[in-house]
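All remarks here apply to the structure that follows.
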Amino acid sequence: MQIKNWKLRRPKLLLLALLFLLPFTAWAQKEPIPVSQAFQLSATAKNDETIVVRWKIAKGHYLYRDRLRFKILKPRNVNLGQPLLPTGITRTSPEIGKYQVYRNTVWVSIPVIASGKPDILLQVNYQGCS
């Protein structure tokens, strides 16, 4: 008799336990991290003719390869060559088709076309997602 009662109570106890734990699972979901932490950006001069831009990309995030843009703000007599973008991971979406992304870490080398060794102010635009 007690075994039958236990079998009848077990689904109710499981349901009660799930209802009790449900608020804690919602609380445990993480807030999005700031962009500066998700996509840690740095740029250095490899030599007088090359800038290397590096992203350290947080776990669960990625950068869109075709959304990377580079522009010299100062001085105006300096130009950039074609950035050397590494091959990314190919993904497919019904909305936009095939595209490439970067995960973890990515380095982009950018040729600098300048005379002399000017101090450069580089603008970097990018788009990523989680």
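Labeling convention for the structure tokens: chains A, B, ... as they appear, residues from 1 per chain, ligands from 1 in order of appearance.
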(request) Could you give me, as a VMD selection string, each residue of segment 21-83 of chain A that DSSP assigns to strand (DSSP E or B) when run on this structure's backbone? (result) chain A and resid 39 to 47 50 to 57 62 to 64 69 to 74 79 to 80
Long-range neighbours of segment 72-85 of chain A as a list in words, 9 Å cut-off, only C-alpha atoms, 6 positions minimum in chain:
Arg65, Val106, Trp107, Val108, Ser109, Ile110, Pro111, Val112, Ile113, Ala114, Ser115, Pro118, Asp119, Ile120, Leu121, Leu122, Gln123 and Val124 of chain A
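Within 9 Å of segment 32-46 of chain A, once only C-alpha atoms are used and residues closer than 5 positions along the same chain are dropped, the contacting residues are Ile51, Val52, Val53, Arg54, Trp55, Lys56, Ile57, Ala58, Lys59, Gly60, His61, Tyr62, Leu63, Ser109, Leu122, Gly128 and Ser130 of chain A.
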Could you write out the selected residues, including N, CA and C atoms, as an mmCIF file, in the first residue's frame?
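See out-v6.cif below for the written result:
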data_model
loop_
_atom_site.group_PDB
_atom_site.id
_atom_site.type_symbol
_atom_site.label_atom_id
_atom_site.label_comp_id
_atom_site.auth_asym_id
_atom_site.auth_seq_id
_atom_site.Cartn_x
_atom_site.Cartn_y
_atom_site.Cartn_z
ATOM 1 N N ILE A 51 50.749 47.029 -40.426
ATOM 2 C CA ILE A 51 50.038 47.071 -39.141
ATOM 3 C C ILE A 51 49.370 45.717 -38.959
ATOM 4 N N VAL A 52 49.446 45.182 -37.751
ATOM 5 C CA VAL A 52 48.758 43.926 -37.441
ATOM 6 C C VAL A 52 47.666 44.222 -36.425
ATOM 7 N N VAL A 53 46.447 43.897 -36.804
ATOM 8 C CA VAL A 53 45.288 44.071 -35.924
ATOM 9 C C VAL A 53 44.900 42.688 -35.414
ATOM 10 N N ARG A 54 44.666 42.617 -34.109
ATOM 11 C CA ARG A 54 44.354 41.325 -33.481
ATOM 12 C C ARG A 54 43.093 41.452 -32.653
ATOM 13 N N TRP A 55 42.223 40.454 -32.796
ATOM 14 C CA TRP A 55 41.057 40.334 -31.932
ATOM 15 C C TRP A 55 41.188 39.060 -31.123
ATOM 16 N N LYS A 56 40.940 39.186 -29.841
ATOM 17 C CA LYS A 56 40.765 38.016 -28.980
ATOM 18 C C LYS A 56 39.260 37.947 -28.752
ATOM 19 N N ILE A 57 38.641 36.889 -29.265
ATOM 20 C CA ILE A 57 37.186 36.787 -29.289
ATOM 21 C C ILE A 57 36.733 35.844 -28.173
ATOM 22 N N ALA A 58 35.815 36.316 -27.350
ATOM 23 C CA ALA A 58 35.333 35.536 -26.205
ATOM 24 C C ALA A 58 34.587 34.291 -26.674
ATOM 25 N N LYS A 59 34.602 33.299 -25.825
ATOM 26 C CA LYS A 59 33.891 32.046 -26.099
ATOM 27 C C LYS A 59 32.411 32.341 -26.360
ATOM 28 N N GLY A 60 31.861 31.707 -27.391
ATOM 29 C CA GLY A 60 30.460 31.892 -27.729
ATOM 30 C C GLY A 60 30.196 33.102 -28.619
ATOM 31 N N HIS A 61 31.255 33.813 -29.028
ATOM 32 C CA HIS A 61 31.126 34.996 -29.877
ATOM 33 C C HIS A 61 31.884 34.763 -31.182
ATOM 34 N N TYR A 62 31.554 35.558 -32.186
ATOM 35 C CA TYR A 62 32.282 35.489 -33.453
ATOM 36 C C TYR A 62 32.223 36.831 -34.163
ATOM 37 N N LEU A 63 33.227 37.048 -35.037
ATOM 38 C CA LEU A 63 33.305 38.250 -35.868
ATOM 39 C C LEU A 63 32.926 37.884 -37.296
ATOM 40 N N SER A 109 46.767 41.391 -41.145
ATOM 41 C CA SER A 109 47.889 42.250 -41.528
ATOM 42 C C SER A 109 47.406 43.242 -42.571
ATOM 43 N N LEU A 122 44.546 54.862 -36.585
ATOM 44 C CA LEU A 122 43.792 53.891 -37.376
ATOM 45 C C LEU A 122 42.390 53.726 -36.810
ATOM 46 N N GLY A 128 30.248 41.826 -34.804
ATOM 47 C CA GLY A 128 30.284 40.471 -34.301
ATOM 48 C C GLY A 128 28.953 40.102 -33.693
ATOM 49 N N SER A 130 26.965 36.944 -30.823
ATOM 50 C CA SER A 130 27.139 35.836 -29.874
ATOM 51 C C SER A 130 26.113 34.762 -30.159
#
note - atom CA of Thr105 of chain A and atom CA of Phe70 of chain A are separated by 17.9 Å
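The spacing separating atom CA of Gln127 of chain A from atom CA of Tyr102 of chain A amounts to 10.9 Å.
Proximity to Pro86 of chain A was assessed for A:Arg103, A:Asn125, A:Lys71, A:Lys98 counting only C-alpha atoms; the smallest distance is recorded for A:Arg103.
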